[in-house]
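One structure is given here, and the rest of the page talks about it.
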Amino acid sequence: MKEIILKGLDEKIYYDECENGLKIYIWKKENVNTFKGTLVFPCGAEQVSFKVHNQKKSVPFGTAHYLEHILCKNEDGSSLLGQFNALNSYSNAATYPDRTAYEFVGTDDIYANLNLLLDSIQEKKFSKEAFESERGPILEEERMRRDDANRLSFYKINSCLFHTYPNRVSGLGTEEDIKSITLEDLETFYNTFYHPKNSFLIVTGNVDPLKVFNFIKEKEKTKKFPLWEKPTFPRFNEPKTVVKNYEEIHANVEVPKVYVSLKVPIDALPKKNILFLQIVLQLVLESNFGSTSTLKEELLTKKQISTLGTSVDWERKFFVLKVVSQTKYPEKVIPILQARMKKLLVQEEDIFRKIKSEIANLVLGFEDIETVNDWLGYTLTTYGKIITNEKQILESITIQDVQNIMEKVETDQMNTFVMLPLKKGDEN
Amino acid sequence: MKYKKYDLDNVKVFTIETNKCKNCYLEINFRDDIRNVDLSKRYLLAKALECSSLKYPSKRKMMIALEELYNMSFSSSILRAGYNHYTNFAIDFLNPKYVKEKNYLHEVLSFLFDTLLYPNVSNNTFDEQTLQVLKEKAHVNLDSYKERPLSFARIDSLKRLFASQIPSKRLIGTHEEIDKVTNKDLYNEYQKMFQDASCEILVIGNMNMDEVVAKISELFYKTSNVSKEILFNISHDPFNFKEEIVPSTYNQTQLLIYYDLRNLTFFEKEYVLPIFSRIFGSANMTDKLTTYLRIQNSLCYYCGFYTNKSDNYGMVYVGLKKDQIKKAKEMIFKAMKEMSEKQIDETYFEQQKEKYLADLKIREDDIYNLIDTYYSHEIMKKASLDELKEEIPKVTLNDIQALAKKMELAYIYILEEGEEL
């Protein structure tokens, strides 16, 4: 058992690995009744083309998500979640662009929960009947998502920004994709990615780390898995240009929503670690458009907007800097947002105040067993490791760093995406 | 955990001292009878107080102050339980022991209470420009539910079911009411709130609560003494059963089926109904609705059973294709019939009671839930955690059956999807 120290936070993560390659991470919190366990596979909705054992394979969009549903179903069609229910626990599963996670939250018997989770997910027997009967609920889930304008905007914007990346399609796939998925597609995906060497188990709560490690390691010894070969993925030759500078759609919104996104190539930025860059960009974006910015105050006061928010997403070789606003006056607001995006200001006092509040968020983040569990799943998939020095990164940022980075941010590749309310008589 | 109650001048304070968290939470509630509250005025007042004060006359300045207080959060909300209308202000802050500034607790409490006691008012009027911005946002908020089909279905069906009665009202008011509010009205509403409302403060965190309460009494005062007994149960007209189909442009149809819960006893509402709900429609993929609608017939992705004990209704909800409505209704009625005929596996029934008790342990890890349950017990006379632990095991299958028999079908509402192109 190793200890991974989170510097400056007075927190540690316990780590161990099974003989079969399954990695285990535990965060212990005393004074709570609840525990959470999550089995994470770093493969998700975006993995649709890959090469394994010298063979090129591809599956329809939505396969990872369909598989997630099927793994939560027993051969007889009953729900795995019901079995967790019988252990007095909650369980759920989720498919992200880059990972799939199966989780339980309970209070009573962590070992029974771990048994059920590992056995059900690691040793799946597929049944044609259970597979077919799940297609209806998944199609309904897809129809439900079509009514969700925020979700729709995410994929629509990606398709305006990226020529080659698979983030342009909903993780559920389209209705046609879902109808085309076969049981063989699920088996291909499962056999390629679902292996202990390609997974990690995260446990958080008031547990005895050594006992949990020993239990899992002994249990995993009894299982047999085929040899695993790490799949490879096609290289995307993504141009620096955006696909479209402007796109407008009618969707299920009451007030128009405007998104202005900047596609920023990472290789043009100073050589810093990716989290450092991401934090700095987020701080600058917030300082320009966030709740303490004069721009937001001005737009609100003039009643030109009702909301304004920001995000910085890391998409392979690019950062996407995005601002989103609800506005009745898109034609007035768009040029203002675009102009500021082209010339982001570096405001020292604002940035350092935000760093202080980010540090407080970091301290408070290690509080809730579910939040920490989710954070571990995210950081292990996104960065391939636990970030142990986030507080130090925040404390080390200088105004010179910020200026150096912002000088290199290329601002010529921008997309503006507008969602307008449906016209009378329009269908979704 | 240490629970304590304090009676300050005209303010009741409820505290829980616990080492479960690194943050601390405090909320102050102004509680009125909703029948005497002008909804739009009160909503806009809460938002006006949330976004400026004499010391911080703009939202931006307030946000800067909050970031300087280690990103303390400050928010207002409007809630209702029965006839009780709550104007709520809450702060969430880092435990003072983690920060170097010795006067941090004083600073965070001053922020909240100065905001409430010294609003951004001159000549007995709130700032006109602020009011205009808030009105604009209120108009947008009022319609935002239309972007989510299930929210639209719920709000539209409540309007139709309860006509002009309290459960049909939006706590933000209407567009017309929002437009009419003046900055003078806001000031009058402010005075009315301090004059007429009962005031209760709740605090939870790992702090010495005697010291916290001493600080509160130093920083906050309320001149009028009001302690109101306001009903937490709405009395409304009997429902005349009806079925309505409402067209929409959404992709998915929403089917809502309402049941009348008016005739339930306290024991049934507090202890039997939660177990009934689990078996009928909210037990994580094992309940009857999910089994019949999703697992056995693949009709939907989501379905469930929601109850509002104060407004006396239970509501089944399903998102599905419109050509599946007939089948879905059959399945829902089949599930309800089984509840009233006691067709419930005994082992499963016992499991659901055990699961409920296990969930109470999860609730005990959540500081917001802990303080809310404490407050609901003290003010609304709802069951405490200890009472739930004691009474839930006593619920029998006969209780479940009796409850099902009392539930009368009240209303079927269908929000129908648009035609596909």
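Chain labels A, B, ... are given in the sequence in which chains occur in the structure tokens; within each chain residues are numbered consecutively from 1, and ligands are likewise numbered from 1 in the order shown.
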
Need the shell around region 267-279 of chain B: protein/DNA/RNA residues with any atom at most 6 Å away, counting only C-alpha atoms. Skip same-chain ones fewer than 3 positions apart. Format as number ranges by chain? B: 264, 282-283, 287, 392, 400

Running DSSP on the backbone, which parts of region 89-323 of chain A land in strand (DSSP E), as number ranges by chain? A: 90-95, 100-106, 200-205, 246-251, 257-265, 307-315, 318-323

Distance in Å - CA of Phe89 (chain B) versus CA of Lys184 (chain B):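 One can read the CA of Phe89 (chain B) to CA of Lys184 (chain B) distance as 21.7 Å.
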
Spatial neighbours of Glu142 (chain A), max dist 12 Å, only C-alpha atoms, sep filter under 3 positions, as a ChimeraX atom specification: /A:62,65-66,135-139,145-148,151-152,170-179 /B:251-252,300-302,319-321

The selected residues should be written to file as a compact mmCIF listing (two decimals), in the first residue's frame (atoms: C-alpha atoms).
```txt
# COMPACT_ATOMS: atom_id res chain seq x y z
CA GLY A 62 -23.55 5.18 -28.76
CA HIS A 65 -23.47 3.96 -23.62
CA TYR A 66 -25.54 0.97 -24.79
CA ARG A 135 -33.14 -0.53 -27.04
CA GLY A 136 -36.55 1.05 -26.31
CA PRO A 137 -35.47 2.84 -23.10
CA ILE A 138 -32.26 4.04 -24.80
CA LEU A 139 -34.22 5.45 -27.74
CA ARG A 145 -31.97 14.59 -24.69
CA ARG A 146 -33.20 16.16 -27.93
CA ASP A 147 -35.42 18.39 -25.81
CA ASP A 148 -32.38 19.49 -23.79
CA ARG A 151 -26.80 19.39 -24.21
CA LEU A 152 -27.59 19.90 -27.85
CA SER A 170 -23.84 12.93 -28.79
CA GLY A 171 -22.52 10.17 -26.54
CA LEU A 172 -25.82 8.38 -26.94
CA GLY A 173 -25.49 8.34 -30.72
CA THR A 174 -28.32 9.36 -33.01
CA GLU A 175 -31.58 7.44 -33.28
CA GLU A 176 -30.15 5.68 -36.37
CA ASP A 177 -26.92 4.81 -34.52
CA ILE A 178 -28.86 3.29 -31.63
CA LYS A 179 -31.01 1.26 -33.98
CA ASN B 251 -39.88 15.54 -28.93
CA GLN B 252 -41.17 13.41 -26.07
CA CYS B 300 -39.69 4.64 -21.30
CA TYR B 301 -36.31 5.71 -19.99
CA TYR B 302 -37.58 7.45 -16.88
CA GLY B 319 -41.59 10.34 -20.58
CA LEU B 320 -42.59 8.24 -23.59
CA LYS B 321 -43.89 8.09 -27.17
```

Interatomic distance, CA of Asn206 (chain A) to CA of Tyr194 (chain A) (Å, one decimal):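 Computing the Euclidean distance for CA of Asn206 (chain A) and CA of Tyr194 (chain A) yields 28.3 Å.
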
Name all residues at most 12 Å from Leu293 (chain B) (count only C-alpha atoms; drop same-chain ones fewer than 3 positions away) and give them as an MDAnalysis selection string. (chainID A and resid 133:134 136:137) or (chainID B and resid 280:281 285:290 296:304 316:320 324:335)

Write out as an mmCIF file with C-alpha atoms, in the first residue's frame each polymer residue whose atoms come within 7 Å of region 336-339 of chain B, counting only C-alpha atoms; drop sequence neighbours fewer than 5 positions from it.
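Dumped to selection_1.cif:
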```cif
data_model
loop_
_atom_site.group_PDB
_atom_site.id
_atom_site.type_symbol
_atom_site.label_atom_id
_atom_site.label_comp_id
_atom_site.auth_asym_id
_atom_site.auth_seq_id
_atom_site.Cartn_x
_atom_site.Cartn_y
_atom_site.Cartn_z
ATOM 1 C CA ILE B 344 -46.381 -7.030 -2.587
ATOM 2 C CA GLN B 401 -52.831 -1.362 1.462
ATOM 3 C CA ALA B 404 -53.428 2.777 -1.465
#
```
